[in-house]
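Encoded as structure tokens, the structure appears first; notes follow it.
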Amino acid sequence: MIELIDVHKTLGGKKVLVGMNLSIKRGETYTVIGRSGIGKSVTLKHIVGVMKPDKGRVIVDGVEVQNLNRRQLERFRVKFGYLFQSSALLNSLNVFENVALPLREHTRMSEEEIQERVVQKLSLVGLKGTEKMMPSDLSGGMRKRVALARAIVMEPEVILYDEPTTGLDPITADAINGLIRDMQQRLKVTSVVVTHDMKSAYKISDRIGLLHEGRIIQEGTPDNIKDSNDPRVKQFINGEAIGPLTTSRD
């Protein structure tokens, strides 16, 4: 479903992706782990076409993303749902209006159809009856759920999650993890997650890849990653300050 082939990207003079190769199967949940600032979110931006590689290819469902023009990109992005790290709800709109926004922007659905779709998606994430609430009235976990409802309201083929549990307490984070897994199983979508939360990665993933020095250096099932003998993987998953992933400046 998604393939990055020898992708290179330099930002501000820093090499972020260096020969990145990644292959994600249709219908699976693939999680990219790695240190902060290492290029995880940049990887998502390449997949959805917000960034284009300096070199290499990004292929999604047979489409060469780097070759699309602006109008083609607009049509292409309809197949994606995106859960932002900050949830990115519009504070001036209530819950219903936030979730309905993509439908109004990108479809010709009637108001009755929009009403039905929004209520359905809010029910799916456990927020039935919250339609008139404002973002300022919501807890962090509820904001994430509304953002997830908005991400799936267009019934996308791919959902991208950028640090979905950041800023949440452990109980709420676990509830969000359960929702992500439930979305994948119910909707049969392909999901790509970036996170440094290993508890989340283990729970939601079919496969996990560790991003380091601009490329995926090891990938496998959660059990494969837990049992890895690679000292770089062991340092990251155990949260150790000293090891091959850190330098004297860290």
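So you can find residues: chains in the structure tokens are A, B, ... in the order shown, residues in each start at 1, and ligands are numbered from 1 in order.
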Contacts of Asn94 in chain A within 12 Å, only C-alpha atoms, excl. fewer than 2 positions in-chain, as an MDAnalysis selection string: chainID A and resid 89:92 96:101 130:138 143 146
Can I get the residues of range 87-164 of chain A within 12 Å of range 62-83 of chain A, each with the closest pair of atoms and their distance in Å to one decimal, using only C-alpha atoms, sorted chain first then ascending number, as a tab-separated table?
```
residue	atom	partner	partner_atom	distance
A:Ser87	CA	A:Leu83	CA	6.4
A:Ala88	CA	A:Leu83	CA	8.4
A:Leu89	CA	A:Leu83	CA	10.3
A:Val99	CA	A:Gly81	CA	11.7
A:Pro102	CA	A:Val78	CA	9.2
A:Leu103	CA	A:Val78	CA	10.3
A:Glu105	CA	A:Val78	CA	10.6
A:His106	CA	A:Val78	CA	7.8
A:Thr107	CA	A:Val78	CA	9.9
A:Arg143	CA	A:Leu83	CA	10.8
A:Lys144	CA	A:Leu83	CA	8.0
A:Arg145	CA	A:Leu83	CA	9.6
A:Val146	CA	A:Leu83	CA	9.8
A:Ala147	CA	A:Leu83	CA	6.2
A:Leu148	CA	A:Leu83	CA	6.0
A:Ala149	CA	A:Leu83	CA	9.2
A:Arg150	CA	A:Gly81	CA	7.8
A:Ala151	CA	A:Gly81	CA	4.3
A:Ile152	CA	A:Gly81	CA	5.8
A:Val153	CA	A:Gly81	CA	8.2
A:Met154	CA	A:Val78	CA	7.4
A:Glu155	CA	A:Lys79	CA	7.8
A:Pro156	CA	A:Lys79	CA	4.6
A:Glu157	CA	A:Lys79	CA	5.3
A:Val158	CA	A:Phe80	CA	4.9
A:Ile159	CA	A:Gly81	CA	4.5
A:Leu160	CA	A:Tyr82	CA	4.8
A:Tyr161	CA	A:Leu83	CA	4.8
A:Asp162	CA	A:Leu83	CA	6.1
A:Glu163	CA	A:Leu83	CA	8.5
A:Pro164	CA	A:Leu83	CA	7.1
```
Please report as CSV every residue of range 230-249 of chain A lying within 10 Å of range 23-47 of chain A, along with the nearest atom pair and their distance in Å (one decimal), using only C-alpha atoms.
```
residue,atom,partner,partner_atom,distance
A:Val233,CA,A:Gly34,CA,9.3
A:Phe236,CA,A:Gly34,CA,7.4
A:Ile237,CA,A:Ile33,CA,9.2
A:Leu245,CA,A:Arg35,CA,8.6
A:Thr246,CA,A:Arg35,CA,9.7
```
What would the file look like if the residues just selected were written as a compact mmCIF listing (two decimals), in the first residue's frame with N, CA and C atoms?
```txt
# COMPACT_ATOMS: atom_id res chain seq x y z
N VAL A 233 18.42 -0.88 19.29
CA VAL A 233 17.01 -1.16 19.60
C VAL A 233 16.84 -1.31 21.11
N PHE A 236 16.84 2.04 22.93
CA PHE A 236 15.62 2.83 22.75
C PHE A 236 14.45 2.26 23.52
N ILE A 237 14.18 0.97 23.37
CA ILE A 237 12.98 0.41 23.99
C ILE A 237 13.10 0.37 25.51
N LEU A 245 22.77 5.11 20.44
CA LEU A 245 21.88 6.11 19.85
C LEU A 245 22.22 7.52 20.32
N THR A 246 23.04 7.66 21.36
CA THR A 246 23.35 8.96 21.92
C THR A 246 24.81 9.31 21.70
```
If you run DSSP on the backbone here, which positions in range 77-209 of chain A get helix (DSSP H, G or I)? Please write them as a ChimeraX atom specification. /A:77-79,95-106,111-124,135-137,140-152,170-187,198-204
Go through A:Ile59, A:Ala175, A:Thr166, A:Ile5 and flag the residue nearest Thr195 in chain A, using only C-alpha atoms for the distances. A:Thr166
Which of range 90-222 of chain A DSSP labels strand (DSSP E or B), written as an NGL selection string: :A and (158-162 or 190-195 or 207-212 or 215-220)
Residues from last step as file, N, CA, C and O atoms, as a tab-separated table (two decimals), in the first residue's frame:
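Output below, filename out24.tsv:
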```tsv
chain	number	residue	atom	x	y	z
A	158	VAL	N	-6.22	5.17	4.36
A	158	VAL	CA	-5.01	5.24	5.18
A	158	VAL	C	-5.23	6.25	6.30
A	158	VAL	O	-5.75	7.35	6.05
A	159	ILE	N	-4.84	5.91	7.53
A	159	ILE	CA	-4.86	6.86	8.63
A	159	ILE	C	-3.44	7.04	9.13
A	159	ILE	O	-2.72	6.07	9.39
A	160	LEU	N	-3.01	8.30	9.24
A	160	LEU	CA	-1.68	8.65	9.75
A	160	LEU	C	-1.84	9.23	11.15
A	160	LEU	O	-2.64	10.14	11.37
A	161	TYR	N	-1.08	8.70	12.09
A	161	TYR	CA	-1.16	9.14	13.49
A	161	TYR	C	0.18	9.73	13.90
A	161	TYR	O	1.20	9.03	13.89
A	162	ASP	N	0.18	11.00	14.29
A	162	ASP	CA	1.40	11.67	14.73
A	162	ASP	C	1.38	11.78	16.26
A	162	ASP	O	0.65	12.60	16.81
A	190	THR	N	-5.29	0.97	6.40
A	190	THR	CA	-3.85	0.91	6.61
A	190	THR	C	-3.49	2.06	7.53
A	190	THR	O	-3.88	3.20	7.29
A	191	SER	N	-2.75	1.76	8.60
A	191	SER	CA	-2.43	2.80	9.58
A	191	SER	C	-0.92	2.94	9.72
A	191	SER	O	-0.20	1.94	9.79
A	192	VAL	N	-0.45	4.19	9.75
A	192	VAL	CA	0.96	4.48	10.00
A	192	VAL	C	1.02	5.39	11.22
A	192	VAL	O	0.39	6.45	11.25
A	193	VAL	N	1.77	4.96	12.21
A	193	VAL	CA	1.86	5.66	13.49
A	193	VAL	C	3.30	6.08	13.73
A	193	VAL	O	4.22	5.28	13.50
A	194	VAL	N	3.52	7.30	14.19
A	194	VAL	CA	4.85	7.67	14.68
A	194	VAL	C	4.73	7.96	16.17
A	194	VAL	O	3.79	8.65	16.61
A	195	THR	N	5.64	7.40	16.95
A	195	THR	CA	5.57	7.56	18.40
A	195	THR	C	6.91	7.20	19.02
A	195	THR	O	7.74	6.52	18.41
A	207	ARG	N	3.62	-4.28	12.86
A	207	ARG	CA	5.08	-4.22	12.75
A	207	ARG	C	5.57	-2.87	13.25
A	207	ARG	O	4.85	-1.88	13.21
A	208	ILE	N	6.82	-2.87	13.71
A	208	ILE	CA	7.47	-1.67	14.24
A	208	ILE	C	8.81	-1.51	13.53
A	208	ILE	O	9.53	-2.49	13.32
A	209	GLY	N	9.15	-0.26	13.17
A	209	GLY	CA	10.46	0.03	12.59
A	209	GLY	C	11.15	1.13	13.38
A	209	GLY	O	10.52	2.14	13.72
A	210	LEU	N	12.44	0.94	13.68
A	210	LEU	CA	13.22	1.95	14.39
A	210	LEU	C	13.94	2.84	13.39
A	210	LEU	O	14.75	2.36	12.59
A	211	LEU	N	13.63	4.13	13.44
A	211	LEU	CA	14.25	5.12	12.56
A	211	LEU	C	15.47	5.72	13.25
A	211	LEU	O	15.37	6.24	14.37
A	212	HIS	N	16.63	5.65	12.58
A	212	HIS	CA	17.87	6.19	13.13
A	212	HIS	C	18.79	6.59	11.99
A	212	HIS	O	18.94	5.85	11.02
A	215	ARG	N	17.20	6.45	8.34
A	215	ARG	CA	16.67	5.23	7.71
A	215	ARG	C	16.14	4.27	8.78
A	215	ARG	O	16.47	4.40	9.96
A	216	ILE	N	15.33	3.33	8.34
A	216	ILE	CA	14.85	2.27	9.23
A	216	ILE	C	15.99	1.27	9.41
A	216	ILE	O	16.44	0.64	8.44
A	217	ILE	N	16.47	1.12	10.65
A	217	ILE	CA	17.62	0.23	10.88
A	217	ILE	C	17.20	-1.16	11.33
A	217	ILE	O	17.97	-2.11	11.21
A	218	GLN	N	15.98	-1.30	11.84
A	218	GLN	CA	15.46	-2.64	12.16
A	218	GLN	C	13.95	-2.57	12.26
A	218	GLN	O	13.38	-1.59	12.73
A	219	GLU	N	13.28	-3.62	11.78
A	219	GLU	CA	11.84	-3.69	11.88
A	219	GLU	C	11.41	-5.13	12.14
A	219	GLU	O	12.15	-6.08	11.89
A	220	GLY	N	10.20	-5.26	12.66
A	220	GLY	CA	9.67	-6.59	12.94
A	220	GLY	C	8.39	-6.47	13.75
A	220	GLY	O	7.89	-5.37	14.01
```
Set the distance at 7 Å and use only C-alpha atoms: which residues neighbour Leu4 in chain A once local chain neighbours fewer than 2 positions away are removed? I'd like the list as a PyMOL selection string. chain A and resi 2+6-7+20-23+57-59
Store the residues picked out above, limited to N, CA and C atoms, as a compact mmCIF listing (two decimals), in the first residue's frame.
```txt
# COMPACT_ATOMS: atom_id res chain seq x y z
N ILE A 2 1.94 1.25 0.81
CA ILE A 2 2.82 2.42 0.92
C ILE A 2 4.27 1.96 0.78
N ASP A 6 14.53 4.57 -1.28
CA ASP A 6 15.75 5.39 -1.30
C ASP A 6 15.43 6.88 -1.18
N VAL A 7 14.62 7.23 -0.19
CA VAL A 7 14.19 8.62 -0.01
C VAL A 7 15.23 9.41 0.77
N MET A 20 16.07 6.33 2.90
CA MET A 20 14.96 5.71 3.65
C MET A 20 14.21 4.72 2.75
N ASN A 21 14.06 3.49 3.24
CA ASN A 21 13.27 2.47 2.57
C ASN A 21 12.22 1.95 3.54
N LEU A 22 10.99 1.88 3.07
CA LEU A 22 9.89 1.47 3.93
C LEU A 22 8.80 0.85 3.08
N SER A 23 8.27 -0.28 3.51
CA SER A 23 7.19 -0.95 2.79
C SER A 23 6.11 -1.35 3.79
N ARG A 57 11.66 7.83 -4.27
CA ARG A 57 10.27 7.68 -4.70
C ARG A 57 9.38 7.38 -3.50
N VAL A 58 8.16 7.94 -3.54
CA VAL A 58 7.13 7.64 -2.56
C VAL A 58 5.92 7.14 -3.33
N ILE A 59 5.52 5.90 -3.09
CA ILE A 59 4.44 5.27 -3.84
C ILE A 59 3.33 4.87 -2.87
```
Interatomic distance (Å, one decimal) between CA of Leu127 in chain A and CA of Gly140 in chain A: 13.3 Å
Residues within 8 Å of Glu213 in chain A, only C-alpha atoms, excluding chain neighbours under 4 positions, as a PyMOL selection string: chain A and resi 16-18+38
For those residues, write all heavy atoms to a file as a PDB file, in the first residue's frame.
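Saved to part_8.pdb:
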```pdb
ATOM      1  N   VAL A  16      17.908  14.657   7.032  1.00  0.00           N
ATOM      2  CA  VAL A  16      16.887  14.058   7.899  1.00  0.00           C
ATOM      3  C   VAL A  16      16.593  12.622   7.473  1.00  0.00           C
ATOM      4  O   VAL A  16      16.576  11.708   8.301  1.00  0.00           O
ATOM      5  CB  VAL A  16      15.597  14.900   7.883  1.00  0.00           C
ATOM      6  CG1 VAL A  16      14.536  14.267   8.787  1.00  0.00           C
ATOM      7  CG2 VAL A  16      15.896  16.331   8.328  1.00  0.00           C
ATOM      8  N   LEU A  17      16.315  12.422   6.191  1.00  0.00           N
ATOM      9  CA  LEU A  17      16.128  11.074   5.656  1.00  0.00           C
ATOM     10  C   LEU A  17      17.289  10.792   4.701  1.00  0.00           C
ATOM     11  O   LEU A  17      17.589  11.612   3.829  1.00  0.00           O
ATOM     12  CB  LEU A  17      14.790  10.952   4.931  1.00  0.00           C
ATOM     13  CG  LEU A  17      13.537  11.224   5.778  1.00  0.00           C
ATOM     14  CD1 LEU A  17      12.276  11.059   4.930  1.00  0.00           C
ATOM     15  CD2 LEU A  17      13.480  10.329   7.010  1.00  0.00           C
ATOM     16  N   VAL A  18      17.919   9.641   4.882  1.00  0.00           N
ATOM     17  CA  VAL A  18      19.119   9.310   4.105  1.00  0.00           C
ATOM     18  C   VAL A  18      18.973   7.881   3.579  1.00  0.00           C
ATOM     19  O   VAL A  18      19.290   6.911   4.267  1.00  0.00           O
ATOM     20  CB  VAL A  18      20.396   9.431   4.960  1.00  0.00           C
ATOM     21  CG1 VAL A  18      21.637   9.216   4.089  1.00  0.00           C
ATOM     22  CG2 VAL A  18      20.467  10.779   5.662  1.00  0.00           C
ATOM     23  N   ILE A  38      14.084  13.032  14.892  1.00  0.00           N
ATOM     24  CA  ILE A  38      14.857  12.114  14.053  1.00  0.00           C
ATOM     25  C   ILE A  38      14.276  11.958  12.645  1.00  0.00           C
ATOM     26  O   ILE A  38      14.901  11.380  11.766  1.00  0.00           O
ATOM     27  CB  ILE A  38      14.970  10.730  14.748  1.00  0.00           C
ATOM     28  CG1 ILE A  38      16.237   9.992  14.333  1.00  0.00           C
ATOM     29  CG2 ILE A  38      13.734   9.885  14.502  1.00  0.00           C
ATOM     30  CD1 ILE A  38      17.497  10.575  14.904  1.00  0.00           C
TER      31      ILE A  38
END
```
Can you tell me how far CA of Tyr202 in chain A sits from CA of Gln184 in chain A, in Å to one decimal?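 These two atoms are separated by 14.9 Å.
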Between CA of Ser139 in chain A and CA of Val189 in chain A, what is the distance, to one decimal in Å?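 It comes out at 26.8 Å.
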